[in-house]
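Chemist: Enclosed is the structure file structure-v3.cif (mmCIF, C-alpha atoms).
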data_upload
#
loop_
_atom_site.label_atom_id
_atom_site.label_comp_id
_atom_site.auth_asym_id
_atom_site.auth_seq_id
_atom_site.Cartn_x
_atom_site.Cartn_y
_atom_site.Cartn_z
CA MET A 1 90.71 117.30 111.01
CA LYS A 2 92.77 118.67 113.88
CA LEU A 3 96.19 117.38 114.88
CA GLN A 4 95.98 114.54 117.41
CA LEU A 5 98.47 113.63 120.14
CA GLU A 6 99.34 110.37 118.36
CA CYS A 7 100.46 112.42 115.34
CA ILE A 8 103.24 114.05 117.39
CA ALA A 9 104.77 110.64 118.15
CA CYS A 10 104.31 109.52 114.53
CA MET A 11 106.38 112.48 113.31
CA LEU A 12 109.29 111.46 115.53
CA ARG A 13 109.25 108.05 113.85
CA GLN A 14 109.20 109.72 110.42
CA ILE A 15 112.37 111.65 111.29
CA VAL A 16 114.22 108.39 111.94
CA GLU A 17 112.68 106.79 108.85
CA ALA A 18 113.51 109.62 106.43
CA GLY A 19 116.87 110.29 108.07
CA ARG A 20 118.08 106.74 107.56
CA MET A 21 117.02 106.87 103.92
CA ALA A 22 119.29 109.87 103.39
CA THR A 23 122.30 109.31 105.65
CA ASP A 24 124.23 106.81 107.77
CA ASP A 25 125.20 109.59 110.17
CA GLU A 26 123.17 108.89 113.31
CA LYS A 27 124.40 112.13 114.89
CA LYS A 28 122.71 114.18 112.17
CA ILE A 29 119.46 112.27 112.64
CA ARG A 30 119.68 112.74 116.40
CA ARG A 31 120.17 116.49 115.89
CA ILE A 32 116.92 116.65 113.90
CA MET A 33 115.15 114.66 116.62
CA ASP A 34 116.45 117.09 119.25
CA ILE A 35 115.26 120.10 117.23
CA TYR A 36 111.84 118.51 116.86
CA ALA A 37 111.70 117.65 120.56
CA GLY A 38 112.27 121.33 121.31
CA MET A 39 109.37 122.23 119.00
CA ILE A 40 106.84 119.90 120.63
CA PRO A 41 105.76 122.26 123.46
CA GLU A 42 104.95 124.92 120.84
CA ILE A 43 102.99 122.70 118.46
CA ASN A 44 99.50 124.10 118.13
CA LEU A 45 97.05 121.23 118.53
CA TYR A 46 94.54 123.20 116.47
CA LYS A 47 96.70 122.83 113.36
CA THR A 48 96.32 119.86 111.02
CA ALA A 49 98.90 117.08 110.90
CA PRO A 50 99.97 117.89 107.29
CA GLU A 51 100.90 121.47 108.31
CA VAL A 52 103.21 120.27 111.07
CA THR A 53 104.56 117.36 109.02
CA GLU A 54 105.54 119.77 106.25
CA VAL A 55 107.62 121.76 108.74
CA ILE A 56 109.33 118.58 109.98
CA HIS A 57 110.18 117.30 106.50
CA THR A 58 111.46 120.71 105.42
CA LEU A 59 113.77 120.54 108.44
CA ILE A 60 114.93 117.03 107.47
CA LYS A 61 115.77 118.12 103.93
CA LYS A 62 117.61 121.22 105.12
CA GLU A 63 119.66 119.43 107.78
CA LEU A 64 120.61 116.50 105.53
CA GLY A 65 120.94 118.42 102.25
CA VAL A 66 118.60 116.03 100.42
CA GLU A 67 115.64 117.24 98.37
CA ASP A 68 113.82 113.90 98.20
CA PRO A 69 114.78 111.35 100.89
CA TYR A 70 112.08 108.95 99.68
CA LYS A 71 113.08 108.91 95.99
CA GLU A 72 114.46 105.37 95.99
CA TYR A 73 111.47 104.13 97.98
CA LYS A 74 109.05 105.84 95.57
CA ASP A 75 110.77 104.40 92.50
CA LYS A 76 110.71 100.90 94.02
CA HIS A 77 107.01 100.98 94.86
CA ILE A 78 105.97 102.57 91.57
CA GLN A 79 107.73 99.69 89.82
CA LEU A 80 106.12 97.15 92.17
CA ALA A 81 102.69 98.59 91.39
CA LEU A 82 103.45 98.63 87.65
CA ASP A 83 104.52 94.99 87.84
CA HIS A 84 101.08 94.17 89.28
CA TYR A 85 99.21 96.46 86.88
CA PRO A 86 98.10 93.66 84.49
CA VAL A 87 96.87 91.50 87.40
CA VAL A 88 94.90 94.35 88.96
CA LYS A 89 93.48 95.34 85.56
CA LYS A 90 92.18 91.79 85.08
CA ILE A 91 90.67 91.75 88.58
CA ILE A 92 88.77 94.94 87.76
CA GLU A 93 87.62 93.67 84.34
CA ASN A 94 86.30 90.40 85.84
CA ALA A 95 84.45 92.06 88.74
CA ASP A 96 80.65 92.22 88.89
CA ASN A 97 80.92 95.97 89.46
CA THR A 98 84.04 97.25 87.73
CA ILE A 99 83.80 100.78 89.20
CA GLU A 100 83.60 99.41 92.74
CA ALA A 101 86.53 97.06 92.05
CA ALA A 102 88.60 99.92 90.62
CA LEU A 103 87.82 102.06 93.69
CA ILE A 104 88.81 99.19 95.99
CA MET A 105 92.10 98.77 94.14
CA ALA A 106 92.77 102.51 94.32
CA ALA A 107 92.08 102.37 98.06
CA THR A 108 94.29 99.32 98.62
CA GLY A 109 97.03 101.18 96.82
CA ASN A 110 96.81 103.67 99.67
CA SER A 111 98.55 101.01 101.79
CA ILE A 112 101.74 101.73 99.87
CA ASP A 113 102.46 104.60 102.22
CA ALA A 114 105.84 105.54 103.66
CA GLY A 115 104.14 107.74 106.20
CA LEU A 116 103.09 104.67 108.14
CA ASN A 117 105.04 101.58 107.14
CA LEU A 118 108.04 101.04 104.89
CA LYS A 119 107.36 97.30 104.50
CA VAL A 120 104.61 96.67 101.96
CA ASN A 121 103.54 93.33 100.45
CA VAL A 122 101.64 94.42 97.34
CA VAL A 123 100.19 90.95 96.66
CA GLU A 124 98.74 90.75 100.18
CA VAL A 125 97.38 94.28 99.84
CA ILE A 126 95.55 93.38 96.60
CA GLU A 127 94.17 90.08 97.89
CA SER A 128 92.93 91.45 101.21
CA GLY A 129 91.42 94.49 99.51
CA MET A 130 89.22 92.46 97.20
CA LYS A 131 88.32 90.00 99.96
CA ASP A 132 87.31 92.59 102.55
CA GLY A 133 85.95 95.39 100.34
CA PHE A 134 84.87 98.72 101.84
CA TYR A 135 83.79 99.12 105.46
CA PHE A 136 81.95 102.30 104.43
CA ASN A 137 80.88 102.07 100.82
CA ASP A 138 79.30 105.01 98.97
CA THR A 139 79.88 103.50 95.51
CA SER A 140 76.17 103.49 94.65
CA LEU A 141 75.89 107.21 95.45
CA PHE A 142 79.05 107.87 93.43
CA GLU A 143 77.68 106.02 90.40
CA GLU A 144 74.39 107.90 90.60
CA LYS A 145 76.24 111.21 90.61
CA LEU A 146 78.45 110.14 87.69
CA LYS A 147 75.37 109.82 85.47
CA LYS A 148 74.62 113.53 85.84
CA VAL A 149 78.03 115.22 85.82
CA ARG A 150 81.10 115.76 83.69
CA LYS A 151 83.95 117.27 85.76
CA LEU A 152 85.79 115.05 88.24
CA LEU A 153 88.77 116.08 90.35
CA ILE A 154 91.02 113.47 91.99
CA VAL A 155 93.38 114.75 94.71
CA ALA A 156 96.30 112.35 94.65
CA ASP A 157 98.29 110.88 97.52
CA ASN A 158 101.30 108.58 97.31
CA SER A 159 103.33 107.53 94.29
CA GLY A 160 102.80 103.76 94.35
CA GLU A 161 99.02 103.96 94.63
CA ALA A 162 98.90 106.40 91.70
CA VAL A 163 99.47 103.42 89.39
CA PHE A 164 96.15 102.01 90.63
CA ASP A 165 94.58 105.48 90.34
CA LYS A 166 95.37 105.27 86.63
CA LEU A 167 93.37 102.05 86.40
CA LEU A 168 90.45 103.77 88.17
CA ILE A 169 90.57 106.68 85.72
CA GLU A 170 90.71 104.33 82.74
CA GLU A 171 87.66 102.43 84.00
CA LEU A 172 85.73 105.65 84.64
CA LEU A 173 86.48 106.90 81.12
CA LYS A 174 85.23 103.63 79.62
CA LEU A 175 81.82 104.03 81.20
CA TYR A 176 81.25 107.77 81.58
CA ASP A 177 81.78 110.95 79.58
CA LEU A 178 84.07 112.65 82.07
CA ASP A 179 86.63 115.43 82.13
CA ILE A 180 89.08 114.24 84.80
CA THR A 181 91.69 116.37 86.57
CA TYR A 182 94.43 114.76 88.68
CA ALA A 183 96.11 117.01 91.27
CA VAL A 184 99.55 116.18 92.70
CA ARG A 185 101.98 117.66 95.25
CA SER A 186 103.99 120.74 94.42
CA ARG A 187 107.31 119.22 95.53
CA PRO A 188 108.58 116.00 97.16
CA VAL A 189 107.27 115.25 100.64
CA LEU A 190 107.19 111.74 102.12
CA ASN A 191 106.43 109.41 99.19
CA ASP A 192 103.62 111.57 97.78
CA ILE A 193 103.34 111.90 94.04
CA THR A 194 104.60 114.95 92.13
CA VAL A 195 104.23 115.89 88.45
CA LYS A 196 107.45 114.03 87.64
CA GLU A 197 106.22 110.65 88.90
CA ALA A 198 102.71 111.21 87.53
CA ARG A 199 104.13 111.70 84.03
CA GLU A 200 106.33 108.62 84.36
CA ILE A 201 103.24 106.57 85.23
CA GLY A 202 101.29 108.09 82.31
CA LEU A 203 98.61 109.92 84.27
CA ASP A 204 98.99 112.93 81.97
CA ARG A 205 97.67 110.73 79.15
CA VAL A 206 94.39 109.91 80.90
CA SER A 207 93.70 113.13 82.83
CA HIS A 208 94.48 116.82 83.09
CA LEU A 209 97.53 116.78 85.36
CA ILE A 210 97.92 119.79 87.66
CA ASP A 211 100.30 120.87 90.39
CA SER A 212 98.15 121.49 93.47
CA GLY A 213 100.57 124.10 94.83
CA CYS A 214 100.68 122.16 98.10
CA SER A 215 103.97 120.87 99.48
CA ALA A 216 102.46 119.38 102.64
CA PRO A 217 101.56 115.66 102.77
CA GLY A 218 97.88 116.54 102.57
CA MET A 219 95.89 119.10 100.60
CA LEU A 220 95.85 122.48 102.36
CA ILE A 221 93.61 125.01 100.62
CA GLU A 222 95.68 127.94 101.90
CA GLN A 223 98.63 126.62 99.84
CA ALA A 224 96.59 125.79 96.73
CA SER A 225 97.64 126.92 93.26
CA GLN A 226 95.22 128.83 91.06
CA PRO A 227 94.73 125.79 88.79
CA PHE A 228 93.76 123.75 91.85
CA ILE A 229 91.41 126.40 93.24
CA LYS A 230 89.70 126.58 89.84
CA ALA A 231 89.46 122.78 89.50
CA PHE A 232 88.20 122.40 93.09
CA ALA A 233 85.51 125.04 92.54
CA GLU A 234 84.38 123.77 89.15
CA ALA A 235 84.47 120.02 89.82
CA ASP A 236 81.10 118.31 90.03
CA ILE A 237 82.72 115.53 92.08
CA VAL A 238 85.92 115.51 94.14
CA ILE A 239 87.70 112.31 95.20
CA ALA A 240 90.42 112.82 97.83
CA LYS A 241 92.87 109.95 98.29
CA GLY A 242 94.48 109.05 101.60
CA GLN A 243 94.57 110.24 105.18
CA GLY A 244 96.55 113.45 104.62
CA ASN A 245 94.07 114.81 102.09
CA TYR A 246 91.22 114.04 104.48
CA GLU A 247 93.04 115.91 107.25
CA GLY A 248 93.28 118.99 105.04
CA LEU A 249 90.07 118.98 103.01
CA SER A 250 87.76 117.99 105.88
CA GLU A 251 88.47 121.50 107.21
CA THR A 252 86.71 122.99 104.16
CA ASP A 253 82.97 123.34 103.49
CA ARG A 254 83.16 121.27 100.29
CA ARG A 255 81.62 117.79 100.28
CA VAL A 256 84.10 115.21 99.04
CA PHE A 257 84.30 111.48 98.38
CA TYR A 258 87.14 110.30 100.64
CA LEU A 259 88.92 107.16 99.41
CA LEU A 260 91.41 105.76 101.91
CA LYS A 261 92.56 103.06 104.27
CA ALA A 262 92.23 103.77 108.00
CA LYS A 263 95.84 102.86 108.64
CA CYS A 264 96.18 104.22 112.16
CA SER A 265 94.15 104.35 115.37
CA VAL A 266 93.45 108.07 114.90
CA PHE A 267 91.59 107.45 111.64
CA ALA A 268 89.87 104.34 112.93
CA ARG A 269 88.51 106.51 115.75
CA GLU A 270 87.65 109.40 113.42
CA PHE A 271 85.55 107.21 111.12
CA GLY A 272 84.31 104.72 113.68
CA ALA A 273 85.81 101.89 111.65
CA PRO A 274 88.23 99.05 112.40
CA GLN A 275 91.88 99.96 111.94
CA GLY A 276 93.05 98.78 108.52
CA SER A 277 89.63 98.98 106.89
CA LEU A 278 89.00 100.54 103.47
CA ILE A 279 86.70 103.55 103.30
CA PHE A 280 84.84 105.25 100.46
CA LYS A 281 82.71 107.87 102.13
CA TYR A 282 80.93 111.03 100.96
CA LEU A 283 81.29 113.70 103.63
#
Represent the structure from my file as structure tokens, please.
Modeler:
Amino acid sequence: MKLQLECIACMLRQIVEAGRMATDDEKKIRRIMDIYAGMIPEINLYKTAPEVTEVIHTLIKKELGVEDPYKEYKDKHIQLALDHYPVVKKIIENADNTIEAALIMAATGNSIDAGLNLKVNVVEVIESGMKDGFYFNDTSLFEEKLKKVRKLLIVADNSGEAVFDKLLIEELLKLYDLDITYAVRSRPVLNDITVKEAREIGLDRVSHLIDSGCSAPGMLIEQASQPFIKAFAEADIVIAKGQGNYEGLSETDRRVFYLLKAKCSVFAREFGAPQGSLIFKYL
């Protein structure tokens, strides 16, 4: 998916957001904004948003001397998700279709996203997710494919939602004989999950945990590690979480199950779905 004009404005907001997480010095934040403003005329609209966002967040880290501006935010929302883990687990167990419920919960977890909104009400996210369900729902196709395959690759997104990803993996392993690989970011960017957070959550105990090699907030094949390239090639099914992974992987020839929330107008337009809707689509 190519970079859209709205993405350029969104990145300016992210500079303010990340800057204020790392410093009280407004002059330093303004300097980063000015540098970015100077870059705008040269931004290639044929690049994906994750490519440009990676450049911006590398600049933020360099200018402010902070490796992970979102660390406190990530820790807070991982804990929030963990606090709701038993409730969500029970919701899944009591559902008529436990796989669909687990997918919905993994998609609602995608709302815990610092790239769009720092204010997240996890209870509201859970309740609205189960009430509304998927706008595009390829669960039946997914379940049919699961009966015939063994290797599943999940390309992870943000740290908070990874707690709900763990519930999805646990439910899948209950019902199917699967070999599941979970791919995370190479280093901190936005609030995306890295190996460190994935291990804290316990994802290494329910899946093969790999570093994707990608440090952009979306999976870019040109940055991929050898373990990711191997897993991507050998997987019978790939699930990609979140908007950033769609932006990167939709540029490949591989068909993927995209599991996300259309959080912004760009994605609502891309999918032809209402803004805020949950999507599980095989493309």
Chemist: Any idea what the distance is between CA of Gln14 in chain A and CA of Leu260 in chain A?
Modeler: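 Computed distance, CA of Gln14 in chain A to CA of Leu260 in chain A, equals 20.1 Å.
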Chemist: Could you tell me which residues the PyMOL selection byres ((chain A and resi 194) around 6) grabs in this file, written as number ranges by chain?
Modeler: A: 184-185, 193, 195-197
Chemist: Going by the chain IDs and residue numbers used in this file, which residues fall under the PyMOL selection byres ((chain A and resi 273) around 12)? Write them as a PDB file with C-alpha atoms, keeping the file's coordinate frame.
Modeler:
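expr_3.pdb was written with the following content:
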ATOM      1  CA  PHE A 134      84.870  98.720 101.840  1.00  0.00           C
ATOM      2  CA  TYR A 135      83.790  99.120 105.460  1.00  0.00           C
ATOM      3  CA  PHE A 136      81.950 102.300 104.430  1.00  0.00           C
ATOM      4  CA  ASN A 137      80.880 102.070 100.820  1.00  0.00           C
ATOM      5  CA  LEU A 260      91.410 105.760 101.910  1.00  0.00           C
ATOM      6  CA  LYS A 261      92.560 103.060 104.270  1.00  0.00           C
ATOM      7  CA  ALA A 262      92.230 103.770 108.000  1.00  0.00           C
ATOM      8  CA  LYS A 263      95.840 102.860 108.640  1.00  0.00           C
ATOM      9  CA  CYS A 264      96.180 104.220 112.160  1.00  0.00           C
ATOM     10  CA  SER A 265      94.150 104.350 115.370  1.00  0.00           C
ATOM     11  CA  VAL A 266      93.450 108.070 114.900  1.00  0.00           C
ATOM     12  CA  PHE A 267      91.590 107.450 111.640  1.00  0.00           C
ATOM     13  CA  ALA A 268      89.870 104.340 112.930  1.00  0.00           C
ATOM     14  CA  ARG A 269      88.510 106.510 115.750  1.00  0.00           C
ATOM     15  CA  GLU A 270      87.650 109.400 113.420  1.00  0.00           C
ATOM     16  CA  PHE A 271      85.550 107.210 111.120  1.00  0.00           C
ATOM     17  CA  GLY A 272      84.310 104.720 113.680  1.00  0.00           C
ATOM     18  CA  PRO A 274      88.230  99.050 112.400  1.00  0.00           C
ATOM     19  CA  GLN A 275      91.880  99.960 111.940  1.00  0.00           C
ATOM     20  CA  GLY A 276      93.050  98.780 108.520  1.00  0.00           C
ATOM     21  CA  SER A 277      89.630  98.980 106.890  1.00  0.00           C
ATOM     22  CA  LEU A 278      89.000 100.540 103.470  1.00  0.00           C
ATOM     23  CA  ILE A 279      86.700 103.550 103.300  1.00  0.00           C
ATOM     24  CA  PHE A 280      84.840 105.250 100.460  1.00  0.00           C
ATOM     25  CA  LYS A 281      82.710 107.870 102.130  1.00  0.00           C
TER      26      LYS A 281
END
Chemist: For range 51-65 of chain A, list every protein, DNA or RNA residue within 10 Å, evaluated using all atoms listed in the file, and leave out those in the same chain fewer than 5 positions away; present the list as a PyMOL selection string.
Modeler: chain A and resi 3+7-8+10-12+14-16+18-19+22-23+25+28-29+31-33+35-36+39+43-45+188-190+214-220+244+247-248
Chemist: Take CA of Ser212 in chain A and CA of Ser225 in chain A and report the distance between them in Å, one decimal.
Modeler: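 Computing it gives 5.5 Å between the two atoms.
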Chemist: Evaluate the PyMOL selection byres ((chain A and resi 73-89) around 8) here and jot the selected residues down as a PDB file with C-alpha atoms, in the frame of the given file.
Modeler:
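The resulting expr23.pdb:
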ATOM      1  CA  TYR A  70     112.080 108.950  99.680  1.00  0.00           C
ATOM      2  CA  LYS A  71     113.080 108.910  95.990  1.00  0.00           C
ATOM      3  CA  GLU A  72     114.460 105.370  95.990  1.00  0.00           C
ATOM      4  CA  LYS A  90      92.180  91.790  85.080  1.00  0.00           C
ATOM      5  CA  ILE A  91      90.670  91.750  88.580  1.00  0.00           C
ATOM      6  CA  ILE A  92      88.770  94.940  87.760  1.00  0.00           C
ATOM      7  CA  GLU A  93      87.620  93.670  84.340  1.00  0.00           C
ATOM      8  CA  MET A 105      92.100  98.770  94.140  1.00  0.00           C
ATOM      9  CA  ILE A 112     101.740 101.730  99.870  1.00  0.00           C
ATOM     10  CA  VAL A 122     101.640  94.420  97.340  1.00  0.00           C
ATOM     11  CA  ILE A 126      95.550  93.380  96.600  1.00  0.00           C
ATOM     12  CA  SER A 159     103.330 107.530  94.290  1.00  0.00           C
ATOM     13  CA  GLY A 160     102.800 103.760  94.350  1.00  0.00           C
ATOM     14  CA  GLU A 161      99.020 103.960  94.630  1.00  0.00           C
ATOM     15  CA  VAL A 163      99.470 103.420  89.390  1.00  0.00           C
ATOM     16  CA  PHE A 164      96.150 102.010  90.630  1.00  0.00           C
ATOM     17  CA  LEU A 167      93.370 102.050  86.400  1.00  0.00           C
ATOM     18  CA  ASN A 191     106.430 109.410  99.190  1.00  0.00           C
ATOM     19  CA  ILE A 201     103.240 106.570  85.230  1.00  0.00           C
TER      20      ILE A 201
END
Chemist: One decimal, in Å: what's the spacing between CA of Lys131 in chain A and CA of Ala101 in chain A?
Modeler: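 Computing it gives 10.8 Å between the two atoms.
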Chemist: Here is a test: counting all atoms listed in the file, which residue of A:Tyr182, A:Asp24, A:Tyr46, A:Phe142 is nearest to Val256 in chain A?
Modeler: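 That would be A:Phe142, the residue with the smallest distance to Val256 in chain A.
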Chemist: Give me the residues near Glu143 in chain A as a PDB file with C-alpha atoms, keeping the file's coordinate frame, where near means some atom within 10 Å (using all atoms listed in the file) and where sequence neighbours in that chain fewer than 3 positions away do not count.
Modeler:
ATOM      1  CA  ILE A  99      83.800 100.780  89.200  1.00  0.00           C
ATOM      2  CA  GLU A 100      83.600  99.410  92.740  1.00  0.00           C
ATOM      3  CA  ASP A 138      79.300 105.010  98.970  1.00  0.00           C
ATOM      4  CA  THR A 139      79.880 103.500  95.510  1.00  0.00           C
ATOM      5  CA  SER A 140      76.170 103.490  94.650  1.00  0.00           C
ATOM      6  CA  LEU A 146      78.450 110.140  87.690  1.00  0.00           C
ATOM      7  CA  LYS A 147      75.370 109.820  85.470  1.00  0.00           C
ATOM      8  CA  LYS A 148      74.620 113.530  85.840  1.00  0.00           C
ATOM      9  CA  LEU A 172      85.730 105.650  84.640  1.00  0.00           C
ATOM     10  CA  TYR A 176      81.250 107.770  81.580  1.00  0.00           C
TER      11      TYR A 176
END
Chemist: Show me, as a count of residues only, the residues that have an atom within 9 Å of Gln226 in chain A when counting all atoms listed in the file, minus same-chain residues fewer than 4 positions from it.
Modeler: 4
Chemist: I'd like to know which of A:Met130, A:Ala235, A:Leu141, A:Ala106 is closest to Asp179 in chain A, using all atoms listed in the file.
Modeler: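 Result for the nearest residue to Asp179 in chain A: A:Ala235.
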Chemist: Using only C-alpha atoms, pick whichever of A:Arg30, A:Ile210, A:Lys241, A:Thr48 has the shortest atom-to-atom distance to Thr108 in chain A.
Modeler: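 Selected residue with least distance to Thr108 in chain A: A:Lys241.
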Chemist: Hey, which of A:Gln243, A:Ser111, A:Thr252, A:Thr181 ends up closest to Arg205 in chain A? Count only C-alpha atoms.
Modeler: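 Closest residue, counting only C-alpha atoms: A:Thr181.
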Chemist: Taking all atoms listed in the file into account, name the residue in A:Gln4, A:Ile169, A:Ile154, A:Ala183 that is nearest to Val206 in chain A.
Modeler: A:Ile169
Chemist: Could you check which of A:Ser250, A:Ile180, A:Asp165, A:Lys151 is closest to Ala107 in chain A, using all atoms listed in the file?
Modeler: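 Comparing A:Ser250, A:Ile180, A:Asp165, A:Lys151 against Ala107 in chain A, the winner is A:Asp165.
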